[in-house]
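J.: Input data11.csv, format and content: CSV, C-alpha atoms.
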chain,number,residue,atom,x,y,z
A,1,MET,CA,-95.0,139.0,-41.4
A,2,ASP,CA,-98.6,139.0,-42.6
A,3,ILE,CA,-99.8,135.4,-42.8
A,4,GLY,CA,-102.5,136.3,-45.3
A,5,PHE,CA,-100.1,137.9,-47.7
A,6,SER,CA,-97.7,134.9,-47.3
A,7,ALA,CA,-100.5,132.5,-48.1
A,8,TRP,CA,-101.4,134.6,-51.2
A,9,LEU,CA,-97.8,134.6,-52.4
A,10,PHE,CA,-97.5,130.8,-51.8
A,11,LEU,CA,-100.7,130.1,-53.9
A,12,ILE,CA,-99.7,132.4,-56.7
A,13,ALA,CA,-96.3,130.6,-56.9
A,14,VAL,CA,-98.0,127.2,-56.9
A,15,GLY,CA,-100.4,128.3,-59.6
A,16,THR,CA,-97.9,129.9,-62.0
A,17,SER,CA,-95.3,127.2,-61.5
A,18,ALA,CA,-97.8,124.4,-62.2
A,19,LEU,CA,-98.9,126.1,-65.4
A,20,GLY,CA,-95.3,126.9,-66.4
A,21,GLY,CA,-94.2,123.4,-65.6
A,22,ALA,CA,-97.0,121.9,-67.7
A,23,LEU,CA,-95.4,123.6,-70.8
A,24,GLY,CA,-91.8,123.2,-69.7
A,25,MET,CA,-91.3,126.8,-68.8
A,26,ALA,CA,-89.9,128.3,-65.7
A,27,SER,CA,-92.5,130.3,-63.7
A,28,GLY,CA,-90.3,133.4,-63.1
A,29,ILE,CA,-91.7,135.0,-66.2
A,30,PHE,CA,-95.1,135.1,-64.5
A,31,ILE,CA,-94.1,135.7,-61.0
A,32,VAL,CA,-92.5,139.1,-61.4
A,33,PRO,CA,-95.4,140.7,-63.3
A,34,VAL,CA,-98.0,139.3,-60.9
A,35,LEU,CA,-96.1,140.4,-57.8
A,36,VAL,CA,-95.6,143.9,-59.1
A,37,THR,CA,-99.1,144.4,-60.5
A,38,PHE,CA,-101.3,142.6,-58.0
A,39,GLY,CA,-99.1,142.3,-54.9
A,40,GLY,CA,-97.8,145.9,-54.8
A,41,VAL,CA,-94.3,144.5,-54.4
A,42,GLY,CA,-91.4,146.7,-55.7
A,43,LEU,CA,-89.7,145.6,-58.9
A,44,ARG,CA,-86.3,145.0,-57.2
A,45,THR,CA,-87.9,142.9,-54.4
A,46,ALA,CA,-90.0,140.9,-56.9
A,47,VAL,CA,-86.9,140.2,-59.2
A,48,ALA,CA,-84.8,139.0,-56.2
A,49,ALA,CA,-87.6,136.8,-54.9
A,50,SER,CA,-88.2,135.4,-58.3
A,51,ILE,CA,-84.5,134.5,-58.8
A,52,VAL,CA,-84.8,132.2,-55.7
A,53,SER,CA,-87.8,130.5,-57.1
A,54,VAL,CA,-86.1,130.1,-60.5
A,55,ILE,CA,-83.2,128.2,-58.7
A,56,ALA,CA,-85.7,126.1,-56.8
A,57,CYS,CA,-87.5,125.1,-60.0
A,58,SER,CA,-84.3,124.3,-61.8
A,59,CYS,CA,-82.9,122.2,-59.0
A,60,GLY,CA,-86.2,120.4,-58.5
A,61,SER,CA,-86.5,119.4,-62.1
A,62,ALA,CA,-82.8,118.9,-63.1
A,63,ALA,CA,-82.7,115.6,-61.3
A,64,ALA,CA,-85.2,113.9,-63.6
A,65,PHE,CA,-83.4,115.2,-66.7
A,66,LEU,CA,-80.1,114.0,-65.4
A,67,ARG,CA,-81.5,110.5,-64.6
A,68,ALA,CA,-82.9,110.3,-68.2
A,69,GLY,CA,-79.4,111.0,-69.5
A,70,LEU,CA,-80.5,114.1,-71.5
A,71,THR,CA,-78.3,116.7,-69.9
A,72,ASN,CA,-75.0,117.5,-71.5
A,73,ILE,CA,-73.0,118.6,-68.4
A,74,ARG,CA,-69.9,119.5,-70.3
A,75,VAL,CA,-71.7,121.9,-72.6
A,76,ALA,CA,-73.5,123.3,-69.6
A,77,ILE,CA,-70.3,124.1,-67.6
A,78,VAL,CA,-68.7,125.7,-70.7
A,79,LEU,CA,-71.7,127.9,-71.4
A,80,GLU,CA,-72.1,128.8,-67.7
A,81,THR,CA,-68.8,130.8,-67.8
A,82,ALA,CA,-70.8,133.2,-70.1
A,83,THR,CA,-74.2,133.0,-68.3
A,84,THR,CA,-72.7,133.7,-64.8
A,85,LEU,CA,-70.6,136.6,-66.2
A,86,GLY,CA,-73.8,138.0,-67.8
A,87,ALA,CA,-75.7,137.5,-64.6
A,88,LEU,CA,-73.1,139.5,-62.6
A,89,THR,CA,-73.2,142.3,-65.2
A,90,GLY,CA,-77.0,142.3,-64.8
A,91,VAL,CA,-77.0,142.6,-61.0
A,92,PHE,CA,-74.7,145.5,-60.9
A,93,LEU,CA,-76.3,147.2,-64.0
A,94,ALA,CA,-79.8,146.9,-62.6
A,95,GLY,CA,-79.2,149.7,-60.1
A,96,PHE,CA,-78.4,152.1,-62.9
A,97,LEU,CA,-81.3,151.3,-65.2
A,98,PRO,CA,-84.6,153.3,-64.8
A,99,PRO,CA,-87.6,151.1,-63.9
A,100,TRP,CA,-89.4,152.0,-67.1
A,101,PHE,CA,-86.6,150.5,-69.2
A,102,LEU,CA,-86.8,147.2,-67.2
A,103,PHE,CA,-90.6,147.1,-67.7
A,104,VAL,CA,-90.3,147.6,-71.4
A,105,LEU,CA,-87.6,144.9,-71.6
A,106,PHE,CA,-89.9,142.6,-69.6
A,107,ALA,CA,-92.7,143.2,-72.1
A,108,LEU,CA,-90.4,142.4,-75.0
A,109,ILE,CA,-89.3,139.1,-73.4
A,110,LEU,CA,-93.0,138.2,-72.7
A,111,LEU,CA,-93.9,138.8,-76.4
A,112,LEU,CA,-90.8,136.8,-77.5
A,113,SER,CA,-92.0,134.0,-75.3
A,114,ALA,CA,-95.5,134.1,-76.8
A,115,ARG,CA,-94.0,133.9,-80.3
A,116,GLN,CA,-91.8,131.0,-79.3
A,117,MET,CA,-94.7,129.2,-77.8
A,118,LEU,CA,-96.7,129.5,-81.1
A,119,ALA,CA,-93.8,128.3,-83.3
A,120,ARG,CA,-93.1,124.6,-83.2
A,121,ARG,CA,-89.5,123.6,-82.5
A,122,HIS,CA,-87.8,121.3,-84.9
A,123,ASP,CA,-84.7,119.2,-84.4
A,124,PRO,CA,-81.9,120.9,-86.3
A,125,ALA,CA,-81.0,119.2,-89.5
A,126,GLY,CA,-77.6,117.5,-89.8
A,127,VAL,CA,-77.4,116.6,-86.1
A,128,MET,CA,-76.0,113.2,-86.9
A,129,THR,CA,-73.4,113.9,-89.5
A,130,PRO,CA,-70.1,113.8,-87.6
A,131,GLU,CA,-67.9,113.8,-90.7
A,132,GLU,CA,-68.8,117.3,-92.0
A,133,VAL,CA,-67.2,119.3,-89.2
A,134,GLY,CA,-63.4,119.7,-89.0
A,135,SER,CA,-61.6,118.4,-85.9
A,136,SER,CA,-60.2,121.8,-84.9
A,137,ASP,CA,-63.4,123.4,-83.8
A,138,TRP,CA,-64.0,124.3,-80.1
A,139,ALA,CA,-66.6,121.6,-79.5
A,140,THR,CA,-64.2,118.8,-80.7
A,141,VAL,CA,-61.3,120.2,-78.7
A,142,LEU,CA,-63.4,120.4,-75.6
A,143,GLY,CA,-65.0,117.0,-76.1
A,144,LEU,CA,-68.6,118.3,-76.1
A,145,HIS,CA,-70.1,115.8,-78.6
A,146,SER,CA,-72.2,113.2,-77.0
A,147,SER,CA,-75.3,111.0,-77.4
A,148,TYR,CA,-78.7,110.7,-75.7
A,149,PRO,CA,-81.0,107.8,-75.2
A,150,ASP,CA,-84.1,108.0,-77.4
A,151,GLY,CA,-87.1,106.2,-76.0
A,152,ALA,CA,-89.0,105.9,-79.3
A,153,LEU,CA,-86.0,104.5,-81.2
A,154,GLY,CA,-84.8,102.4,-78.3
A,155,ARG,CA,-81.1,103.3,-78.7
A,156,ASP,CA,-78.6,106.1,-78.1
A,157,VAL,CA,-78.6,108.8,-80.7
A,158,PRO,CA,-75.2,110.6,-81.2
A,159,TYR,CA,-75.0,114.3,-81.9
A,160,ARG,CA,-72.4,116.9,-82.5
A,161,VAL,CA,-72.2,120.4,-81.0
A,162,HIS,CA,-71.7,123.4,-83.3
A,163,ARG,CA,-70.6,127.0,-83.1
A,164,VAL,CA,-69.6,127.3,-79.4
A,165,PRO,CA,-68.2,130.9,-79.6
A,166,LEU,CA,-71.6,132.1,-81.0
A,167,GLY,CA,-73.4,130.1,-78.2
A,168,LEU,CA,-71.2,131.8,-75.6
A,169,GLY,CA,-72.1,135.2,-76.9
A,170,LEU,CA,-75.8,134.5,-76.8
A,171,MET,CA,-75.5,132.9,-73.3
A,172,TYR,CA,-73.9,136.1,-72.0
A,173,GLY,CA,-77.0,138.0,-73.1
A,174,ALA,CA,-79.3,135.4,-71.6
A,175,GLY,CA,-77.5,135.6,-68.2
A,176,LEU,CA,-77.7,139.4,-68.3
A,177,VAL,CA,-81.5,139.4,-68.9
A,178,SER,CA,-82.0,136.6,-66.3
A,179,ALA,CA,-80.4,138.8,-63.6
A,180,LEU,CA,-82.2,142.0,-64.6
A,181,LEU,CA,-85.7,140.5,-64.8
A,182,GLY,CA,-85.5,137.6,-62.3
A,183,ILE,CA,-86.4,135.0,-64.9
A,184,GLY,CA,-84.7,131.8,-65.9
A,185,SER,CA,-84.3,133.2,-69.4
A,186,GLY,CA,-85.0,129.8,-71.0
A,187,VAL,CA,-86.7,131.8,-73.7
A,188,LEU,CA,-83.3,133.1,-74.7
A,189,LYS,CA,-81.2,130.0,-73.9
A,190,ILE,CA,-83.2,127.5,-75.9
A,191,PRO,CA,-83.0,129.4,-79.2
A,192,ALA,CA,-79.3,129.8,-78.6
A,193,MET,CA,-78.9,126.1,-78.2
A,194,ASP,CA,-81.2,125.3,-81.1
A,195,THR,CA,-79.7,127.6,-83.7
A,196,ALA,CA,-76.1,128.2,-82.6
A,197,LEU,CA,-75.1,124.8,-81.0
A,198,ARG,CA,-77.7,122.9,-82.9
A,199,LEU,CA,-78.4,120.4,-80.1
A,200,PRO,CA,-81.3,118.0,-80.3
A,201,ILE,CA,-84.5,119.5,-78.7
A,202,LYS,CA,-84.5,117.1,-75.7
A,203,VAL,CA,-80.9,117.8,-74.9
A,204,SER,CA,-81.2,121.5,-75.3
A,205,SER,CA,-84.3,121.7,-72.9
A,206,ALA,CA,-82.5,119.5,-70.3
A,207,THR,CA,-79.2,121.4,-70.6
A,208,SER,CA,-80.9,124.8,-70.5
A,209,ASN,CA,-82.8,123.8,-67.3
A,210,PHE,CA,-79.6,122.6,-65.7
A,211,MET,CA,-77.8,125.8,-66.5
A,212,ILE,CA,-80.6,128.1,-65.3
A,213,GLY,CA,-79.9,127.1,-61.7
A,214,VAL,CA,-76.2,128.2,-61.8
A,215,THR,CA,-77.0,131.3,-63.7
A,216,ALA,CA,-79.7,132.3,-61.2
A,217,ALA,CA,-77.4,131.4,-58.3
A,218,ALA,CA,-74.7,133.8,-59.6
A,219,SER,CA,-77.2,136.7,-59.5
A,220,GLY,CA,-79.1,135.3,-56.4
A,221,VAL,CA,-75.9,135.1,-54.3
A,222,ALA,CA,-75.1,138.7,-55.3
A,223,TYR,CA,-78.6,139.9,-54.5
A,224,PHE,CA,-78.4,138.1,-51.2
A,225,ALA,CA,-75.1,139.8,-50.3
A,226,LEU,CA,-76.6,143.1,-51.3
A,227,GLY,CA,-79.4,142.4,-48.8
A,228,GLU,CA,-82.1,142.6,-51.5
A,229,ILE,CA,-83.8,139.2,-50.9
A,230,ASN,CA,-86.8,139.7,-48.6
A,231,PRO,CA,-87.4,136.3,-46.8
A,232,ASP,CA,-91.1,137.1,-46.3
A,233,VAL,CA,-91.6,137.3,-50.1
A,234,ALA,CA,-88.9,134.9,-51.4
A,235,GLY,CA,-89.7,132.1,-48.9
A,236,PRO,CA,-93.4,131.5,-49.9
A,237,VAL,CA,-92.6,132.0,-53.6
A,238,ALA,CA,-89.7,129.5,-53.6
A,239,VAL,CA,-91.6,126.7,-51.7
A,240,GLY,CA,-94.7,127.3,-53.8
A,241,SER,CA,-92.7,127.0,-57.0
A,242,VAL,CA,-91.3,123.7,-56.0
A,243,ILE,CA,-94.7,122.2,-55.3
A,244,GLY,CA,-96.2,123.9,-58.4
A,245,ALA,CA,-93.5,122.4,-60.6
A,246,LEU,CA,-94.3,118.9,-59.3
A,247,LEU,CA,-98.0,119.4,-60.0
A,248,GLY,CA,-97.3,120.9,-63.4
A,249,ALA,CA,-95.4,117.8,-64.5
A,250,ARG,CA,-98.5,115.7,-63.7
A,251,PHE,CA,-100.8,118.2,-65.4
A,252,LEU,CA,-98.7,117.9,-68.5
A,253,MET,CA,-99.9,114.4,-69.1
A,254,ALA,CA,-103.6,115.2,-68.5
A,255,VAL,CA,-104.2,118.3,-70.6
A,256,SER,CA,-104.3,118.8,-74.4
A,257,GLY,CA,-101.2,120.6,-75.3
A,258,ASP,CA,-102.6,122.9,-78.0
A,259,ARG,CA,-105.4,124.4,-75.9
A,260,LEU,CA,-103.0,125.0,-73.0
A,261,ARG,CA,-100.5,126.6,-75.5
A,262,LEU,CA,-103.1,129.1,-76.8
A,263,PHE,CA,-104.2,129.9,-73.2
A,264,PHE,CA,-100.6,130.6,-72.4
A,265,VAL,CA,-100.0,132.9,-75.4
A,266,ALA,CA,-103.0,134.9,-74.3
A,267,VAL,CA,-101.7,135.2,-70.7
A,268,LEU,CA,-98.2,136.2,-71.9
A,269,ILE,CA,-99.6,138.9,-74.2
A,270,ALA,CA,-101.9,140.3,-71.4
A,271,LEU,CA,-98.9,140.4,-69.0
A,272,ALA,CA,-96.8,142.2,-71.7
A,273,VAL,CA,-99.5,144.9,-72.0
A,274,GLN,CA,-99.5,145.2,-68.2
A,275,MET,CA,-95.7,145.6,-68.1
A,276,LEU,CA,-96.0,148.3,-70.7
A,277,LEU,CA,-98.6,150.1,-68.7
A,278,GLU,CA,-96.3,149.9,-65.6
A,279,ALA,CA,-93.5,151.4,-67.8
A,280,PHE,CA,-95.7,154.5,-68.3
A,281,GLY,CA,-96.7,154.6,-64.6
A,282,ILE,CA,-100.2,153.2,-65.0
A,283,HIS,CA,-101.0,150.7,-62.2
A,284,LEU,CA,-103.8,148.1,-62.6
A,285,GLY,CA,-105.0,145.9,-59.8
A,286,GLY,CA,-105.1,146.5,-56.1
A,287,HIS,CA,-102.0,146.8,-54.0
A,288,ALA,CA,-102.2,144.3,-51.2
A,289,SER,CA,-99.4,145.7,-49.0
B,1,MET,CA,-67.7,107.4,-84.5
B,2,ILE,CA,-68.4,109.5,-81.4
B,3,GLU,CA,-68.8,107.2,-78.4
B,4,SER,CA,-70.8,109.2,-75.8
B,5,LEU,CA,-67.8,111.4,-75.2
B,6,ALA,CA,-69.5,113.9,-73.0
B,7,ARG,CA,-71.4,111.4,-70.7
B,8,HIS,CA,-70.3,111.1,-67.1
B,9,TYR,CA,-72.7,108.5,-65.7
B,10,LYS,CA,-71.6,108.4,-62.1
B,11,LEU,CA,-71.3,112.2,-61.9
B,12,GLU,CA,-74.8,112.7,-63.4
B,13,ARG,CA,-76.3,110.3,-60.9
B,14,LEU,CA,-74.6,112.0,-58.0
B,15,LEU,CA,-75.7,115.5,-59.1
B,16,ALA,CA,-79.3,114.3,-59.5
B,17,ARG,CA,-79.3,113.0,-55.9
B,18,VAL,CA,-77.7,116.2,-54.5
B,19,LEU,CA,-80.1,118.5,-56.3
B,20,ASP,CA,-83.2,116.4,-55.5
B,21,GLN,CA,-82.5,116.0,-51.8
B,22,GLY,CA,-81.2,119.6,-51.4
B,23,THR,CA,-84.5,121.0,-52.9
B,24,TRP,CA,-86.5,119.1,-50.3
B,25,LEU,CA,-84.2,120.0,-47.5
B,26,ALA,CA,-84.3,123.7,-48.3
B,27,SER,CA,-88.1,123.6,-48.7
B,28,GLY,CA,-88.4,121.8,-45.4
B,29,ILE,CA,-86.3,124.4,-43.6
B,30,ILE,CA,-88.4,127.2,-44.9
B,31,CYS,CA,-91.6,125.4,-43.9
B,32,ALA,CA,-90.2,124.8,-40.4
B,33,GLY,CA,-89.6,128.5,-40.2
B,34,TRP,CA,-93.3,129.2,-40.9
B,35,LEU,CA,-94.4,126.6,-38.3
B,36,LEU,CA,-92.3,128.3,-35.7
B,37,ALA,CA,-93.7,131.7,-36.8
B,38,ALA,CA,-97.2,130.4,-36.5
B,39,ALA,CA,-96.4,129.2,-33.0
B,40,GLY,CA,-95.3,132.7,-32.2
B,41,TRP,CA,-91.6,132.4,-32.6
B,42,ARG,CA,-89.9,135.0,-34.8
B,43,SER,CA,-87.7,132.8,-37.1
B,44,VAL,CA,-86.5,134.9,-40.0
B,45,SER,CA,-83.1,133.4,-39.7
B,46,LEU,CA,-84.4,129.9,-40.2
B,47,ILE,CA,-86.3,131.0,-43.4
B,48,ASN,CA,-83.1,132.9,-44.5
B,49,SER,CA,-81.1,129.7,-44.1
B,50,GLY,CA,-83.6,127.8,-46.3
B,51,ILE,CA,-83.2,130.5,-48.9
B,52,ALA,CA,-79.4,130.5,-48.6
B,53,LEU,CA,-79.5,126.7,-49.1
B,54,PHE,CA,-81.5,127.1,-52.3
B,55,LEU,CA,-78.9,129.7,-53.5
B,56,LEU,CA,-76.0,127.4,-52.6
B,57,LEU,CA,-77.3,124.2,-54.2
B,58,PRO,CA,-76.2,125.1,-57.7
B,59,VAL,CA,-72.9,126.4,-56.3
B,60,LEU,CA,-72.4,123.0,-54.6
B,61,ARG,CA,-73.2,121.4,-57.9
B,62,VAL,CA,-70.3,123.3,-59.6
B,63,VAL,CA,-68.0,122.4,-56.7
B,64,ILE,CA,-68.8,118.7,-57.1
B,65,MET,CA,-68.2,118.9,-60.9
B,66,LEU,CA,-64.9,120.6,-60.2
B,67,VAL,CA,-63.7,117.9,-57.8
B,68,MET,CA,-64.9,115.1,-60.2
B,69,PHE,CA,-63.2,116.6,-63.2
B,70,VAL,CA,-59.9,117.0,-61.4
B,71,ARG,CA,-60.2,113.5,-60.0
B,72,GLU,CA,-60.7,112.2,-63.6
B,73,ARG,CA,-57.6,114.2,-64.6
B,74,ASP,CA,-59.7,116.4,-66.9
B,75,TYR,CA,-57.8,119.5,-65.9
B,76,ARG,CA,-59.1,121.7,-68.7
B,77,PHE,CA,-62.7,121.2,-67.4
B,78,GLY,CA,-61.5,121.5,-63.8
B,79,ILE,CA,-60.3,125.0,-64.8
B,80,ILE,CA,-63.6,125.8,-66.5
B,81,ALA,CA,-65.5,124.8,-63.4
B,82,ALA,CA,-63.1,126.9,-61.3
B,83,VAL,CA,-63.8,129.9,-63.5
B,84,VAL,CA,-67.6,129.6,-63.0
B,85,LEU,CA,-67.1,129.2,-59.3
B,86,SER,CA,-64.8,132.3,-59.1
B,87,ILE,CA,-67.4,134.4,-61.0
B,88,ILE,CA,-70.1,133.4,-58.4
B,89,VAL,CA,-67.8,134.2,-55.5
B,90,LEU,CA,-66.8,137.5,-57.1
B,91,GLY,CA,-70.5,138.5,-57.3
B,92,ALA,CA,-70.9,137.7,-53.6
B,93,LEU,CA,-67.8,139.7,-52.6
B,94,LEU,CA,-68.8,142.7,-54.7
B,95,GLY,CA,-72.4,142.6,-53.3
B,96,ALA,CA,-71.2,142.4,-49.7
B,97,ARG,CA,-68.8,145.3,-50.4
B,98,ILE,CA,-71.5,147.5,-51.8
B,99,ALA,CA,-74.1,146.6,-49.2
For this file, produce the structure as structure tokens.
T.:
Amino acid sequence: MDIGFSAWLFLIAVGTSALGGALGMASGIFIVPVLVTFGGVGLRTAVAASIVSVIACSCGSAAAFLRAGLTNIRVAIVLETATTLGALTGVFLAGFLPPWFLFVLFALILLLSARQMLARRHDPAGVMTPEEVGSSDWATVLGLHSSYPDGALGRDVPYRVHRVPLGLGLMYGAGLVSALLGIGSGVLKIPAMDTALRLPIKVSSATSNFMIGVTAAASGVAYFALGEINPDVAGPVAVGSVIGALLGARFLMAVSGDRLRLFFVAVLIALAVQMLLEAFGIHLGGHAS
Amino acid sequence: MIESLARHYKLERLLARVLDQGTWLASGIICAGWLLAAAGWRSVSLINSGIALFLLLPVLRVVIMLVMFVRERDYRFGIIAAVVLSIIVLGALLGARIA
């Protein structure tokens, strides 16, 4: 094991995770492109290492959301049947897909994230109208409706959960992409929760974060069993991500949101271009190992 | 009116504690592996156990949910948690078979 390379991996993970945490994003989406482009790490190894860091970040931050009462654990476990199945599909499909396809998919996800970052999210309308939905829908049968404490209003706000089957379909896709690219796939989970289930923003962010851990564990355990997790890469990246996420949460309070947001959009677009170049076999940056 | 149907206060607090402490334990094990490596001991297995603990934390979280749902006689959700658990185990078995 090369100590210098480990230290470099650790610092990269702290940096990307702190930046990601400041905007409530998982760092996986940055780690894979950086490892591949500047670290000379193979795509499969980078994806498997990133999956471990995605789990570490999810577990590290899930506790705070749970204590704040924002996570809907019933919705999470129902949707996890679809995300874990998607993740398994992804792990075993990954071996059959050519690298260029994965790089193009990665570029698309990065651009989608950039777009999402520019658009402001709104709480879906009609969240608090329990009467308009029939009592035979999935969410009612499964008892998914809940409430969350709102600090500004100083009381619990009730909400209903909509269109569970559509949510399950979208979550299968999110799990698949998560396993293929080694990302948390919050970029796909959150729109599914906003538009299909129509959860309040705070609940959907917390629940998505909670689910990311189990989704990534499904693919992570399979990658581990396949022997594709390299401890010399995954170790520094995981610990660095945990520390970075903690720093990011502090950073979030200190920095102006809009400037950080624009900086992020620029970084996401630059990484997307890099992934496209990789897809066509053009390497930028030095290869450290 | 809907009265916080989906809230499980005790379970949520328990899960928060497990995930929190597990994250620090796993990070600590990996760091201990580095310290040993710096001291000249080859300790890949220690780092690997830290990584394995990270992978198992969410799985443990599903197991705890399964037990709590069954204990609350919420059998439908017990089955849902068991399905999630089986999918994860299936992945591990398939992976080990192919490797």
J.: Please list as a PyMOL selection string every residue within 8 Å of segment 26-31 of chain B, counting all atoms listed in the file and excluding residues in the same chain fewer than 6 positions away.
T.: (chain A and resi 235+238-239+242) or (chain B and resi 46-51+53-54)
J.: Which chain B residues are at most 8 Å from chain A (counting all atoms listed in the file), as a PyMOL selection string?
T.: chain B and resi 1-7+12-13+15-17+19-20+23+27+30-31+44+47-48+50-51+54-59+62+77+80-81+83-84+87-88+91-96+98-99
J.: For Gly95 of chain A, which residue out of A:Leu262, A:Ala179, A:Val203, A:Val237 is the nearest one, using only C-alpha atoms?
T.: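 The answer is A:Ala179, which sits nearest to Gly95 of chain A.
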J.: Between atom CA of Gln21 of chain B and atom CA of Ile29 of chain A, measure the distance and give it in Å to one decimal.
T.: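 Answer for the atom CA of Gln21 of chain B to atom CA of Ile29 of chain A separation: 25.6 Å.
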J.: Would you list the contacts of Leu276 of chain A as a PyMOL selection string, taking every protein, DNA or RNA residue within 12 Å and counting only C-alpha atoms, but skipping same-chain residues closer than 5 positions in sequence?
T.: chain A and resi 33+37+99-111+269-271+281-284
J.: Quote the spacing between atom CA of Met275 of chain A and atom CA of Ala46 of chain A in Å to one decimal place.
T.: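 Atom CA of Met275 of chain A sits 13.4 Å away from atom CA of Ala46 of chain A.
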J.: Which is closer to Leu260 of chain A than all the others in A:Leu180, A:Gly248, A:Ala48, A:Leu197, using only C-alpha atoms?
T.: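 The answer is A:Gly248, which sits nearest to Leu260 of chain A.
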J.: Quick one: of B:Ala82, B:Ala32, B:Ala52, B:Ala38, who's nearest to Met68 of chain B, counting only C-alpha atoms?
T.: B:Ala82
J.: When you draw a straight line from atom CA of Leu246 of chain A to atom CA of Ala13 of chain A, how long is it in Å?
T.: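 Between atom CA of Leu246 of chain A and atom CA of Ala13 of chain A the gap is 12.1 Å.
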J.: Can you find the residues with an atom no farther than 12 Å from (-63.3, 119.9, -56.1), counting all atoms listed in the file, and report them as a list of chain:residue names?
T.: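 Every residue inside that radius is included here: B:Val59, B:Leu60, B:Arg61, B:Val62, B:Val63, B:Ile64, B:Met65, B:Leu66, B:Val67, B:Met68, B:Phe69, B:Val70, B:Arg71, B:Glu72, B:Arg73, B:Asp74, B:Tyr75, B:Phe77, B:Gly78, B:Ile79, B:Ile80, B:Ala81, B:Ala82, B:Leu85.
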J.: Just the residues within 12 Å of Leu35 of chain A, please, counting only C-alpha atoms, with nothing from its chain fewer than 4 positions along; format it as an mmCIF file with C-alpha atoms, in the frame of the given file.
T.:
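As a result, result14.cif now contains:
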data_model
loop_
_atom_site.group_PDB
_atom_site.id
_atom_site.type_symbol
_atom_site.label_atom_id
_atom_site.label_comp_id
_atom_site.auth_asym_id
_atom_site.auth_seq_id
_atom_site.Cartn_x
_atom_site.Cartn_y
_atom_site.Cartn_z
ATOM 1 C CA PHE A 5 -100.100 137.900 -47.700
ATOM 2 C CA SER A 6 -97.700 134.900 -47.300
ATOM 3 C CA TRP A 8 -101.400 134.600 -51.200
ATOM 4 C CA LEU A 9 -97.800 134.600 -52.400
ATOM 5 C CA PHE A 10 -97.500 130.800 -51.800
ATOM 6 C CA LEU A 11 -100.700 130.100 -53.900
ATOM 7 C CA ILE A 12 -99.700 132.400 -56.700
ATOM 8 C CA ALA A 13 -96.300 130.600 -56.900
ATOM 9 C CA THR A 16 -97.900 129.900 -62.000
ATOM 10 C CA GLY A 28 -90.300 133.400 -63.100
ATOM 11 C CA ILE A 29 -91.700 135.000 -66.200
ATOM 12 C CA PHE A 30 -95.100 135.100 -64.500
ATOM 13 C CA ILE A 31 -94.100 135.700 -61.000
ATOM 14 C CA GLY A 39 -99.100 142.300 -54.900
ATOM 15 C CA GLY A 40 -97.800 145.900 -54.800
ATOM 16 C CA VAL A 41 -94.300 144.500 -54.400
ATOM 17 C CA GLY A 42 -91.400 146.700 -55.700
ATOM 18 C CA LEU A 43 -89.700 145.600 -58.900
ATOM 19 C CA ARG A 44 -86.300 145.000 -57.200
ATOM 20 C CA THR A 45 -87.900 142.900 -54.400
ATOM 21 C CA ALA A 46 -90.000 140.900 -56.900
ATOM 22 C CA VAL A 47 -86.900 140.200 -59.200
ATOM 23 C CA ALA A 48 -84.800 139.000 -56.200
ATOM 24 C CA ALA A 49 -87.600 136.800 -54.900
ATOM 25 C CA SER A 50 -88.200 135.400 -58.300
ATOM 26 C CA GLY A 182 -85.500 137.600 -62.300
ATOM 27 C CA VAL A 233 -91.600 137.300 -50.100
ATOM 28 C CA ALA A 234 -88.900 134.900 -51.400
ATOM 29 C CA VAL A 237 -92.600 132.000 -53.600
ATOM 30 C CA LEU A 271 -98.900 140.400 -69.000
ATOM 31 C CA GLN A 274 -99.500 145.200 -68.200
ATOM 32 C CA MET A 275 -95.700 145.600 -68.100
ATOM 33 C CA LEU A 284 -103.800 148.100 -62.600
ATOM 34 C CA GLY A 285 -105.000 145.900 -59.800
ATOM 35 C CA GLY A 286 -105.100 146.500 -56.100
ATOM 36 C CA HIS A 287 -102.000 146.800 -54.000
ATOM 37 C CA ALA A 288 -102.200 144.300 -51.200
ATOM 38 C CA SER A 289 -99.400 145.700 -49.000
#
